[in-house]
$ cat structure_15.cif   # mmCIF, C-alpha atoms
data_upload
loop_
_atom_site.label_atom_id
_atom_site.label_comp_id
_atom_site.auth_asym_id
_atom_site.auth_seq_id
_atom_site.Cartn_x
_atom_site.Cartn_y
_atom_site.Cartn_z
CA MET N 35 4.63 -14.38 -40.39
CA THR N 36 0.88 -13.91 -40.00
CA PRO N 37 -1.07 -17.14 -40.61
CA ILE N 38 -3.35 -17.32 -43.63
CA GLN N 39 -6.90 -16.54 -42.54
CA LEU N 40 -9.03 -19.35 -43.96
CA GLY N 41 -12.77 -19.76 -44.36
CA ILE N 42 -14.59 -22.97 -45.32
CA VAL N 43 -18.08 -23.50 -46.72
CA GLU N 44 -18.80 -27.24 -46.74
CA ASP N 45 -22.01 -29.11 -45.98
CA GLU N 46 -20.50 -32.60 -45.60
CA THR N 47 -19.81 -32.92 -41.88
CA LEU N 48 -17.01 -35.46 -42.22
CA VAL N 49 -15.19 -33.40 -44.86
CA LEU N 50 -15.44 -30.25 -42.74
CA GLU N 51 -14.24 -32.09 -39.63
CA ASN N 52 -11.25 -33.53 -41.49
CA LEU N 53 -10.29 -30.12 -42.83
CA ASN N 54 -10.59 -28.51 -39.40
CA LEU N 55 -8.57 -31.28 -37.76
CA PHE N 56 -5.82 -31.05 -40.37
CA PHE N 57 -5.46 -27.26 -40.23
CA GLU N 58 -5.39 -27.27 -36.43
CA HIS N 59 -1.86 -28.62 -36.83
CA GLN N 60 -0.79 -26.15 -39.52
CA PRO N 61 0.72 -23.09 -37.80
CA ASP N 62 0.71 -21.05 -41.02
CA VAL N 63 -3.07 -21.43 -41.59
CA ASP N 64 -5.88 -20.42 -39.23
CA VAL N 65 -9.46 -21.56 -39.88
CA VAL N 66 -11.44 -18.56 -38.64
CA LEU N 67 -14.90 -19.06 -40.15
CA THR N 68 -16.82 -22.14 -41.29
CA ALA N 69 -20.40 -22.77 -42.41
CA ASN N 70 -22.43 -25.49 -44.10
CA SER N 71 -24.19 -23.08 -46.46
CA VAL N 72 -23.46 -19.86 -48.30
CA GLU N 73 -26.33 -18.14 -46.50
CA GLY N 74 -24.91 -19.08 -43.10
CA PHE N 75 -21.44 -18.00 -44.17
CA LEU N 76 -22.65 -14.60 -45.40
CA GLU N 77 -24.24 -13.89 -42.00
CA GLU N 78 -20.77 -13.72 -40.44
CA PHE N 79 -18.63 -12.88 -43.45
CA ASP N 80 -18.50 -9.12 -42.91
CA ASN N 81 -17.09 -9.63 -39.42
CA PHE N 82 -13.91 -11.27 -40.70
CA LYS N 83 -11.04 -10.40 -43.04
CA LEU N 84 -10.33 -13.64 -44.86
CA ASP N 85 -7.38 -14.38 -47.10
CA VAL N 86 -8.60 -17.62 -48.65
CA LEU N 87 -11.91 -19.48 -48.87
CA LEU N 88 -12.53 -23.16 -49.57
CA LEU N 89 -15.94 -23.25 -51.24
CA ASP N 90 -18.04 -26.27 -52.17
CA ILE N 91 -20.38 -26.14 -55.18
CA GLY N 92 -23.23 -28.47 -54.26
CA LEU N 93 -24.63 -26.78 -51.15
CA PRO N 94 -28.09 -26.47 -49.61
CA GLY N 95 -29.65 -23.21 -50.78
CA MET N 96 -27.34 -21.03 -52.86
CA SER N 97 -24.71 -22.97 -54.82
CA GLY N 98 -21.02 -22.22 -54.58
CA LEU N 99 -21.04 -21.09 -58.21
CA GLU N 100 -23.63 -18.42 -57.44
CA ALA N 101 -21.70 -17.32 -54.36
CA ILE N 102 -18.38 -16.55 -56.07
CA ARG N 103 -19.35 -13.15 -57.50
CA ILE N 104 -21.23 -12.18 -54.33
CA LEU N 105 -18.23 -12.94 -52.13
CA LYS N 106 -15.77 -11.27 -54.51
CA GLY N 107 -18.07 -8.27 -54.60
CA LYS N 108 -17.92 -7.99 -50.82
CA GLN N 109 -14.19 -8.66 -50.52
CA ALA N 110 -12.40 -8.34 -53.86
CA ASP N 111 -9.03 -9.62 -52.67
CA ILE N 112 -10.27 -12.89 -51.21
CA ASP N 113 -8.88 -15.98 -52.99
CA ILE N 114 -11.57 -18.57 -53.63
CA LEU N 115 -10.68 -22.23 -54.06
CA MET N 116 -13.48 -24.50 -55.21
CA LEU N 117 -13.35 -27.80 -53.30
CA THR N 118 -15.93 -30.07 -54.85
CA SER N 119 -16.76 -33.53 -56.11
CA PHE N 120 -17.87 -32.14 -59.49
CA ASP N 121 -15.32 -32.65 -62.27
CA ASP N 122 -17.48 -31.88 -65.33
CA SER N 123 -16.19 -29.21 -67.69
CA ASP N 124 -19.32 -27.06 -67.42
CA LYS N 125 -18.93 -26.44 -63.68
CA ILE N 126 -15.16 -26.04 -63.94
CA PHE N 127 -15.42 -23.23 -66.48
CA LYS N 128 -18.41 -21.58 -64.82
CA ALA N 129 -16.39 -21.41 -61.61
CA LEU N 130 -13.24 -20.08 -63.28
CA CYS N 131 -15.20 -17.54 -65.33
CA ALA N 132 -17.01 -16.35 -62.20
CA GLY N 133 -13.68 -15.59 -60.54
CA ALA N 134 -12.55 -18.74 -58.73
CA ASP N 135 -8.78 -18.79 -58.23
CA ALA N 136 -8.40 -22.57 -58.04
CA TYR N 137 -10.42 -25.74 -58.55
CA LEU N 138 -9.81 -28.86 -56.48
CA LEU N 139 -11.57 -32.18 -56.15
CA LYS N 140 -12.50 -33.43 -52.69
CA ARG N 141 -10.35 -36.50 -53.19
CA THR N 142 -7.31 -34.20 -53.29
CA PRO N 143 -4.91 -35.06 -50.42
CA LEU N 144 -5.03 -32.64 -47.51
CA LYS N 145 -1.37 -31.70 -48.00
CA SER N 146 -2.13 -30.74 -51.60
CA ILE N 147 -5.12 -28.67 -50.47
CA LYS N 148 -2.80 -26.76 -48.15
CA GLU N 149 -0.30 -26.37 -50.99
CA ALA N 150 -3.08 -24.90 -53.13
CA ILE N 151 -4.06 -22.46 -50.37
CA VAL N 152 -0.49 -21.24 -49.97
CA THR N 153 0.00 -21.03 -53.75
CA VAL N 154 -3.06 -18.85 -54.42
CA HIS N 155 -2.35 -16.71 -51.36
CA LYS N 156 1.03 -15.93 -52.94
CA GLY N 157 -0.66 -14.89 -56.18
CA GLY N 158 -0.62 -18.15 -58.09
CA SER N 159 -3.32 -20.50 -59.27
CA TYR N 160 -3.87 -24.18 -58.62
CA MET N 161 -5.91 -27.04 -60.06
CA SER N 162 -6.14 -30.75 -59.39
CA PRO N 163 -4.21 -32.64 -62.08
CA THR N 164 -7.37 -34.10 -63.61
CA ILE N 165 -8.95 -30.65 -63.71
CA ALA N 166 -5.84 -29.14 -65.30
CA ARG N 167 -5.99 -31.82 -68.00
CA LYS N 168 -9.63 -30.96 -68.74
CA VAL N 169 -8.69 -27.29 -69.10
CA VAL N 170 -5.80 -28.13 -71.44
CA ASP N 171 -8.01 -30.43 -73.52
CA TYR N 172 -10.71 -27.77 -73.72
CA PHE N 173 -8.36 -25.19 -75.22
CA ALA N 174 -6.39 -27.61 -77.40
CA PRO N 175 -7.07 -27.44 -81.17
CA LYS N 176 -9.88 -29.80 -82.01
CA GLN N 177 -8.69 -32.59 -84.28
CA THR N 178 -10.99 -33.75 -87.05
CA ASN N 179 -11.23 -37.48 -87.48
CA LYS N 180 -10.44 -37.63 -91.17
CA ASP N 181 -11.58 -41.22 -91.51
CA GLU N 182 -15.06 -40.36 -90.25
CA LEU N 183 -15.48 -37.18 -92.29
CA LEU N 184 -15.94 -38.92 -95.65
CA THR N 185 -16.95 -42.48 -96.48
CA SER N 186 -14.40 -44.84 -98.04
CA ARG N 187 -16.11 -44.45 -101.44
CA GLN N 188 -16.05 -40.66 -101.14
CA LEU N 189 -12.36 -40.78 -100.27
CA GLN N 190 -11.76 -42.85 -103.42
CA ILE N 191 -13.59 -40.26 -105.49
CA VAL N 192 -11.52 -37.48 -103.92
CA GLU N 193 -8.37 -39.40 -104.91
CA GLY N 194 -9.75 -39.61 -108.44
CA LEU N 195 -10.21 -35.84 -108.53
CA VAL N 196 -6.64 -35.33 -107.27
CA GLU N 197 -5.40 -37.61 -110.06
CA GLY N 198 -7.22 -35.41 -112.57
CA LEU N 199 -9.78 -38.03 -113.58
CA SER N 200 -13.12 -37.03 -115.10
CA TYR N 201 -16.41 -38.17 -113.57
CA LYS N 202 -16.63 -40.83 -116.31
CA MET N 203 -13.11 -42.08 -115.62
CA ILE N 204 -13.80 -42.22 -111.87
CA ALA N 205 -17.02 -44.15 -112.54
CA ASP N 206 -15.19 -46.63 -114.74
CA LYS N 207 -12.34 -47.03 -112.25
CA TYR N 208 -14.64 -47.91 -109.36
CA LEU N 209 -17.35 -49.68 -111.41
CA ILE N 210 -20.11 -47.24 -110.50
CA SER N 211 -22.34 -44.97 -112.59
CA VAL N 212 -21.54 -41.36 -113.44
CA GLU N 213 -24.72 -40.36 -111.59
CA THR N 214 -23.43 -42.08 -108.46
CA VAL N 215 -20.18 -40.16 -108.79
CA ARG N 216 -22.10 -36.88 -109.13
CA ASP N 217 -24.21 -37.76 -106.08
CA HIS N 218 -21.10 -38.44 -104.02
CA ILE N 219 -19.49 -35.22 -105.23
CA LYS N 220 -22.50 -33.22 -103.98
CA LYS N 221 -22.25 -34.91 -100.58
CA ILE N 222 -18.50 -34.29 -100.47
CA TYR N 223 -19.03 -30.57 -101.18
CA LYS N 224 -21.62 -30.39 -98.40
CA LYS N 225 -19.47 -32.20 -95.84
CA LEU N 226 -16.39 -30.13 -96.63
CA HIS N 227 -18.30 -26.86 -97.00
CA VAL N 228 -16.81 -26.20 -100.45
CA ASN N 229 -18.22 -25.38 -103.88
CA SER N 230 -15.69 -26.68 -106.39
CA LYS N 231 -13.40 -29.57 -107.29
CA ALA N 232 -10.43 -27.24 -106.88
CA GLU N 233 -11.31 -26.66 -103.22
CA VAL N 234 -11.67 -30.39 -102.61
CA ILE N 235 -8.30 -31.06 -104.20
CA LYS N 236 -6.69 -28.27 -102.16
CA LYS N 237 -8.03 -29.72 -98.91
CA ARG N 238 -6.72 -33.15 -99.85
CA LEU N 239 -3.28 -31.80 -100.73
CA ASN N 240 -3.21 -29.90 -97.45
CA ASN N 241 -3.99 -33.19 -95.66
CA GLU N 242 -7.27 -31.77 -94.30
CA ILE N 243 -9.17 -34.84 -95.54
#

$ encode --input "structure_15.cif" --output "C-alpha coordinates"
Amino acid sequence: MTPIQLGIVEDETLVLENLNLFFEHQPDVDVVLTANSVEGFLEEFDNFKLDVLLLDIGLPGMSGLEAIRILKGKQADIDILMLTSFDDSDKIFKALCAGADAYLLKRTPLKSIKEAIVTVHKGGSYMSPTIARKVVDYFAPKQTNKDELLTSRQLQIVEGLVEGLSYKMIADKYLISVETVRDHIKKIYKKLHVNSKAEVIKKRLNNEI
(Lines of atoms letter the chains of each structure in order from A and count residues from 1; the text may use other names and numbers.)
(Lines give C-alpha, C1' and ligand atoms only; values in the text may rest on other atoms or scores of the structure.)
Protein backbone atom coordinates (compact mmCIF):
# COMPACT_ATOMS: atom_id res chain seq x y z
CA MET A 1 0.00 0.00 0.00
CA THR A 2 1.35 3.41 -0.98
CA PRO A 3 1.98 5.66 2.04
CA ILE A 4 -0.16 8.77 2.44
CA GLN A 5 1.74 11.75 1.06
CA LEU A 6 1.56 14.40 3.78
CA GLY A 7 2.35 18.10 3.79
CA ILE A 8 2.60 20.34 6.87
CA VAL A 9 2.40 24.12 7.19
CA GLU A 10 3.31 25.06 10.76
CA ASP A 11 5.32 28.00 12.08
CA GLU A 12 5.91 26.68 15.62
CA THR A 13 9.26 24.90 15.40
CA LEU A 14 8.63 22.52 18.29
CA VAL A 15 5.22 21.47 16.93
CA LEU A 16 6.67 20.84 13.47
CA GLU A 17 9.60 18.87 14.90
CA ASN A 18 7.27 16.70 16.99
CA LEU A 19 5.07 15.97 13.98
CA ASN A 20 8.07 15.09 11.81
CA LEU A 21 9.55 12.86 14.50
CA PHE A 22 6.26 11.03 15.04
CA PHE A 23 5.56 10.40 11.35
CA GLU A 24 9.10 9.16 10.74
CA HIS A 25 7.97 6.03 12.56
CA GLN A 26 4.66 5.67 10.72
CA PRO A 27 5.24 3.50 7.62
CA ASP A 28 1.83 4.37 6.16
CA VAL A 29 2.46 8.15 6.16
CA ASP A 30 5.30 10.03 4.44
CA VAL A 31 5.94 13.71 5.22
CA VAL A 32 7.10 15.00 1.84
CA LEU A 33 6.78 18.78 2.16
CA THR A 34 6.86 21.17 5.13
CA ALA A 35 6.97 24.95 5.49
CA ASN A 36 6.49 27.58 8.18
CA SER A 37 4.32 29.81 5.99
CA VAL A 38 1.76 29.47 3.23
CA GLU A 39 3.95 31.53 0.91
CA GLY A 40 6.91 29.19 1.44
CA PHE A 41 4.70 26.15 0.98
CA LEU A 42 3.24 27.46 -2.29
CA GLU A 43 6.75 27.88 -3.74
CA GLU A 44 7.17 24.09 -3.74
CA PHE A 45 3.56 22.92 -3.80
CA ASP A 46 3.30 22.39 -7.56
CA ASN A 47 6.27 20.01 -7.46
CA PHE A 48 4.46 17.49 -5.26
CA LYS A 49 1.27 15.43 -5.38
CA LEU A 50 -0.01 15.53 -1.82
CA ASP A 51 -2.82 13.47 -0.36
CA VAL A 52 -3.29 15.32 2.91
CA LEU A 53 -2.18 18.65 4.37
CA LEU A 54 -1.95 19.70 8.01
CA LEU A 55 -2.51 23.45 7.96
CA ASP A 56 -2.18 25.94 10.80
CA ILE A 57 -4.36 29.07 10.88
CA GLY A 58 -2.22 31.65 12.66
CA LEU A 59 0.77 31.91 10.33
CA PRO A 60 3.16 34.70 9.35
CA GLY A 61 1.88 36.33 6.16
CA MET A 62 -1.16 34.63 4.66
CA SER A 63 -3.38 32.86 7.19
CA GLY A 64 -4.36 29.24 6.87
CA LEU A 65 -7.98 30.29 6.36
CA GLU A 66 -7.03 32.34 3.31
CA ALA A 67 -4.91 29.49 1.95
CA ILE A 68 -7.62 26.80 1.89
CA ARG A 69 -9.34 27.93 -1.32
CA ILE A 70 -6.02 28.68 -3.02
CA LEU A 71 -4.67 25.22 -2.27
CA LYS A 72 -7.94 23.49 -3.21
CA GLY A 73 -7.94 25.50 -6.42
CA LYS A 74 -4.49 24.18 -7.30
CA GLN A 75 -5.17 20.60 -6.23
CA ALA A 76 -8.87 19.90 -5.78
CA ASP A 77 -8.48 16.42 -4.31
CA ILE A 78 -6.12 17.36 -1.50
CA ASP A 79 -7.59 16.80 1.98
CA ILE A 80 -6.92 19.73 4.30
CA LEU A 81 -6.87 19.26 8.06
CA MET A 82 -6.70 22.42 10.13
CA LEU A 83 -4.31 21.93 13.06
CA THR A 84 -4.57 25.01 15.22
CA SER A 85 -4.85 26.42 18.72
CA PHE A 86 -7.96 28.41 17.78
CA ASP A 87 -11.21 26.88 19.05
CA ASP A 88 -13.60 29.82 18.53
CA SER A 89 -16.71 29.13 16.46
CA ASP A 90 -15.96 31.89 13.92
CA LYS A 91 -12.69 30.32 12.75
CA ILE A 92 -14.10 26.79 12.86
CA PHE A 93 -16.95 27.64 10.50
CA LYS A 94 -14.85 29.85 8.24
CA ALA A 95 -12.45 26.94 7.80
CA LEU A 96 -15.19 24.37 7.16
CA CYS A 97 -17.04 26.69 4.77
CA ALA A 98 -13.81 27.37 2.87
CA GLY A 99 -13.37 23.65 2.26
CA ALA A 100 -11.38 22.23 5.18
CA ASP A 101 -12.00 18.51 5.61
CA ALA A 102 -11.19 18.34 9.32
CA TYR A 103 -10.48 20.62 12.26
CA LEU A 104 -8.11 19.62 15.06
CA LEU A 105 -6.64 21.41 18.04
CA LYS A 106 -2.89 21.31 18.57
CA ARG A 107 -3.39 19.64 21.93
CA THR A 108 -4.81 16.62 20.06
CA PRO A 109 -2.65 13.52 20.73
CA LEU A 110 -0.35 12.58 17.86
CA LYS A 111 -2.05 9.19 17.47
CA SER A 112 -5.39 10.96 17.03
CA ILE A 113 -3.87 13.31 14.45
CA LYS A 114 -2.73 10.27 12.49
CA GLU A 115 -6.20 8.74 12.87
CA ALA A 116 -7.69 11.93 11.45
CA ILE A 117 -5.28 11.86 8.49
CA VAL A 118 -6.18 8.26 7.66
CA THR A 119 -9.90 8.94 8.13
CA VAL A 120 -10.07 11.91 5.74
CA HIS A 121 -7.82 10.15 3.23
CA LYS A 122 -10.42 7.38 3.14
CA GLY A 123 -13.17 9.90 2.44
CA GLY A 124 -14.35 10.67 5.96
CA SER A 125 -14.22 13.75 8.12
CA TYR A 126 -12.74 14.33 11.55
CA MET A 127 -12.94 16.89 14.34
CA SER A 128 -11.53 17.15 17.83
CA PRO A 129 -14.25 16.27 20.36
CA THR A 130 -14.48 19.84 21.65
CA ILE A 131 -14.78 21.14 18.09
CA ALA A 132 -17.47 18.57 17.27
CA ARG A 133 -19.44 19.73 20.31
CA LYS A 134 -19.25 23.34 19.14
CA VAL A 135 -20.56 22.32 15.72
CA VAL A 136 -23.43 20.35 17.28
CA ASP A 137 -24.30 23.24 19.61
CA TYR A 138 -24.22 25.69 16.71
CA PHE A 139 -26.81 23.74 14.72
CA ALA A 140 -28.95 22.70 17.69
CA PRO A 141 -32.32 24.50 18.05
CA LYS A 142 -31.84 27.58 20.16
CA GLN A 143 -33.77 27.33 23.41
CA THR A 144 -35.48 30.44 24.72
CA ASN A 145 -35.09 31.06 28.42
CA LYS A 146 -38.75 31.45 29.26
CA ASP A 147 -38.05 32.87 32.70
CA GLU A 148 -36.02 35.73 31.22
CA LEU A 149 -38.43 36.55 28.39
CA LEU A 150 -41.10 38.13 30.59
CA THR A 151 -40.91 39.58 34.09
CA SER A 152 -42.65 37.79 36.97
CA ARG A 153 -45.42 40.43 36.93
CA GLN A 154 -45.89 40.04 33.18
CA LEU A 155 -46.12 36.27 33.61
CA GLN A 156 -48.84 36.81 36.23
CA ILE A 157 -50.75 39.00 33.81
CA VAL A 158 -50.42 36.37 31.08
CA GLU A 159 -51.88 33.81 33.50
CA GLY A 160 -54.75 36.22 34.12
CA LEU A 161 -55.44 36.43 30.39
CA VAL A 162 -55.39 32.63 30.12
CA GLU A 163 -57.93 32.45 32.96
CA GLY A 164 -60.17 34.80 31.00
CA LEU A 165 -59.88 37.72 33.42
CA SER A 166 -60.53 41.29 32.28
CA TYR A 167 -57.92 44.02 32.74
CA LYS A 168 -59.91 45.24 35.77
CA MET A 169 -60.04 41.77 37.31
CA ILE A 170 -56.30 41.29 36.75
CA ALA A 171 -55.62 44.68 38.35
CA ASP A 172 -57.74 43.78 41.37
CA LYS A 173 -56.15 40.34 41.70
CA TYR A 174 -52.60 41.70 41.81
CA LEU A 175 -53.40 45.02 43.54
CA ILE A 176 -52.22 47.20 40.67
CA SER A 177 -53.97 49.80 38.52
CA VAL A 178 -55.69 49.07 35.22
CA GLU A 179 -53.23 51.45 33.54
CA THR A 180 -50.34 49.38 34.88
CA VAL A 181 -51.96 46.26 33.44
CA ARG A 182 -52.35 47.97 30.06
CA ASP A 183 -48.72 49.11 30.16
CA HIS A 184 -47.56 45.56 30.87
CA ILE A 185 -49.78 44.18 28.11
CA LYS A 186 -48.12 46.53 25.58
CA LYS A 187 -44.68 45.36 26.70
CA ILE A 188 -45.79 41.73 26.54
CA TYR A 189 -47.02 42.20 22.95
CA LYS A 190 -43.70 43.80 22.00
CA LYS A 191 -41.56 41.08 23.61
CA LEU A 192 -43.60 38.27 22.09
CA HIS A 193 -44.03 39.98 18.72
CA VAL A 194 -47.82 39.57 18.82
CA ASN A 195 -50.78 41.91 18.42
CA SER A 196 -53.61 40.37 20.40
CA LYS A 197 -54.56 38.66 23.66
CA ALA A 198 -55.49 35.56 21.68
CA GLU A 199 -51.92 35.24 20.39
CA VAL A 200 -50.52 35.64 23.90
CA ILE A 201 -52.86 32.96 25.23
CA LYS A 202 -51.95 30.63 22.36
CA LYS A 203 -48.23 31.00 23.08
CA ARG A 204 -48.83 30.27 26.76
CA LEU A 205 -50.91 27.19 26.00
CA ASN A 206 -48.22 25.99 23.61
CA ASN A 207 -45.69 26.40 26.44
CA GLU A 208 -43.73 29.01 24.43
CA ILE A 209 -43.76 31.40 27.41

$ closest_atom_pairs --input "structure_15.cif" --of "segment 100-207 of chain N" --to "segment 70-88 of chain N" --cutoff "7 Å" --atoms "all atoms listed in the file" --output "CSV"
residue,atom,partner,partner_atom,distance
N:Ala101,CA,N:Val72,CA,6.8
N:Ile112,CA,N:Asp85,CA,5.2
N:Asp113,CA,N:Val86,CA,4.6
N:Ile114,CA,N:Leu87,CA,4.9
N:Leu115,CA,N:Leu88,CA,4.9
N:Met116,CA,N:Leu88,CA,5.9
N:Leu117,CA,N:Leu88,CA,6.0
N:Ile151,CA,N:Val86,CA,6.9
N:His155,CA,N:Val86,CA,6.9

$ write_last_selection --input "structure_15.cif" --atoms "C-alpha atoms" --output "PDB file, keeping the file's coordinate frame"
ATOM      1  CA  ALA N 101     -21.700 -17.320 -54.360  1.00  0.00           C
ATOM      2  CA  ILE N 112     -10.270 -12.890 -51.210  1.00  0.00           C
ATOM      3  CA  ASP N 113      -8.880 -15.980 -52.990  1.00  0.00           C
ATOM      4  CA  ILE N 114     -11.570 -18.570 -53.630  1.00  0.00           C
ATOM      5  CA  LEU N 115     -10.680 -22.230 -54.060  1.00  0.00           C
ATOM      6  CA  MET N 116     -13.480 -24.500 -55.210  1.00  0.00           C
ATOM      7  CA  LEU N 117     -13.350 -27.800 -53.300  1.00  0.00           C
ATOM      8  CA  ILE N 151      -4.060 -22.460 -50.370  1.00  0.00           C
ATOM      9  CA  HIS N 155      -2.350 -16.710 -51.360  1.00  0.00           C
TER      10      HIS N 155
END

$ atom_distance --input "structure_15.cif" --atom1 "atom CA of Asp64 of chain N" --atom2 "atom CA of Lys128 of chain N"
28.5 Å

$ resolve_selection --input "structure_15.cif" --expression "the PyMOL selection byres ((chain N and resi 142) around 12)" --output "list of chain:residue names"
N:Val49, N:Leu53, N:Met116, N:Leu117, N:Thr118, N:Ser119, N:Tyr137, N:Leu138, N:Leu139, N:Lys140, N:Arg141, N:Pro143, N:Leu144, N:Lys145, N:Ser146, N:Ile147, N:Lys148, N:Glu149, N:Ala150, N:Tyr160, N:Met161, N:Ser162, N:Pro163, N:Thr164, N:Ile165

$ write_last_selection --input "structure_15.cif" --atoms "C-alpha atoms" --output "short mmCIF file (atom, residue, chain, number, x, y, z; two decimals), in the coordinates of the input"
data_model
loop_
_atom_site.label_atom_id
_atom_site.label_comp_id
_atom_site.auth_asym_id
_atom_site.auth_seq_id
_atom_site.Cartn_x
_atom_site.Cartn_y
_atom_site.Cartn_z
CA VAL N 49 -15.19 -33.40 -44.86
CA LEU N 53 -10.29 -30.12 -42.83
CA MET N 116 -13.48 -24.50 -55.21
CA LEU N 117 -13.35 -27.80 -53.30
CA THR N 118 -15.93 -30.07 -54.85
CA SER N 119 -16.76 -33.53 -56.11
CA TYR N 137 -10.42 -25.74 -58.55
CA LEU N 138 -9.81 -28.86 -56.48
CA LEU N 139 -11.57 -32.18 -56.15
CA LYS N 140 -12.50 -33.43 -52.69
CA ARG N 141 -10.35 -36.50 -53.19
CA PRO N 143 -4.91 -35.06 -50.42
CA LEU N 144 -5.03 -32.64 -47.51
CA LYS N 145 -1.37 -31.70 -48.00
CA SER N 146 -2.13 -30.74 -51.60
CA ILE N 147 -5.12 -28.67 -50.47
CA LYS N 148 -2.80 -26.76 -48.15
CA GLU N 149 -0.30 -26.37 -50.99
CA ALA N 150 -3.08 -24.90 -53.13
CA TYR N 160 -3.87 -24.18 -58.62
CA MET N 161 -5.91 -27.04 -60.06
CA SER N 162 -6.14 -30.75 -59.39
CA PRO N 163 -4.21 -32.64 -62.08
CA THR N 164 -7.37 -34.10 -63.61
CA ILE N 165 -8.95 -30.65 -63.71
#

$ resolve_selection --input "structure_15.cif" --expression "the PyMOL selection byres ((chain N and resi 222-224) around 9)" --output "VMD selection string"
chain N and resid 184 188 to 189 192 217 to 221 225 to 231 233 to 234

$ resolve_selection --input "structure_15.cif" --expression "the PyMOL selection byres ((chain N and resi 194-211) around 9)" --output "list of chain:residue names"
N:Arg187, N:Leu189, N:Gln190, N:Ile191, N:Val192, N:Glu193, N:Val212, N:Glu213, N:Thr214, N:Val215, N:Arg216, N:Lys231, N:Ala232, N:Val234, N:Ile235, N:Lys236, N:Arg238, N:Leu239

$ atom_distance --input "structure_15.cif" --atom1 "atom CA of Ile91 of chain N" --atom2 "atom CA of Ser123 of chain N"
13.5 Å

$ closest_residue --input "structure_15.cif" --among "N:Lys108, N:Arg167, N:Glu51, N:Gly95" --to "Ile126 of chain N" --atoms "all atoms listed in the file"
N:Arg167

$ atom_distance --input "structure_15.cif" --atom1 "atom CA of Ala134 of chain N" --atom2 "atom CA of Gly92 of chain N"
15.1 Å

$ residues_around --input "structure_15.cif" --residues "Phe127 of chain N" --least-positions-apart "3" --cutoff "12 Å" --atoms "all atoms listed in the file" --output "list in words"
Leu99, Met116, Phe120, Asp121, Asp122, Ser123, Asp124, Leu130, Cys131, Ala132, Gly133, Ala134, Asp135, Ala136, Tyr137, Ile165, Ala166, Lys168, Val169, Val170, Tyr172 and Phe173 of chain N

$ residues_around --input "structure_15.cif" --residues "Val63 of chain N" --least-positions-apart "5" --cutoff "9 Å" --atoms "only C-alpha atoms" --output "PyMOL selection string"
chain N and resi 36-40+57-58+148+151-152

$ closest_residue --input "structure_15.cif" --among "N:Thr68, N:Leu93, N:Asp171, N:Asp62" --to "Asp45 of chain N" --atoms "all atoms listed in the file"
N:Leu93

$ axis_aligned_box --input "structure_15.cif" --around "segment 123-128 of chain N" --padding-each-side "5 Å" --output "lines of an AutoDock Vina configuration file"
center_x = -17.2
center_y = -25.4
center_z = -65.7
size_x = 14.2
size_y = 17.6
size_z = 14.0
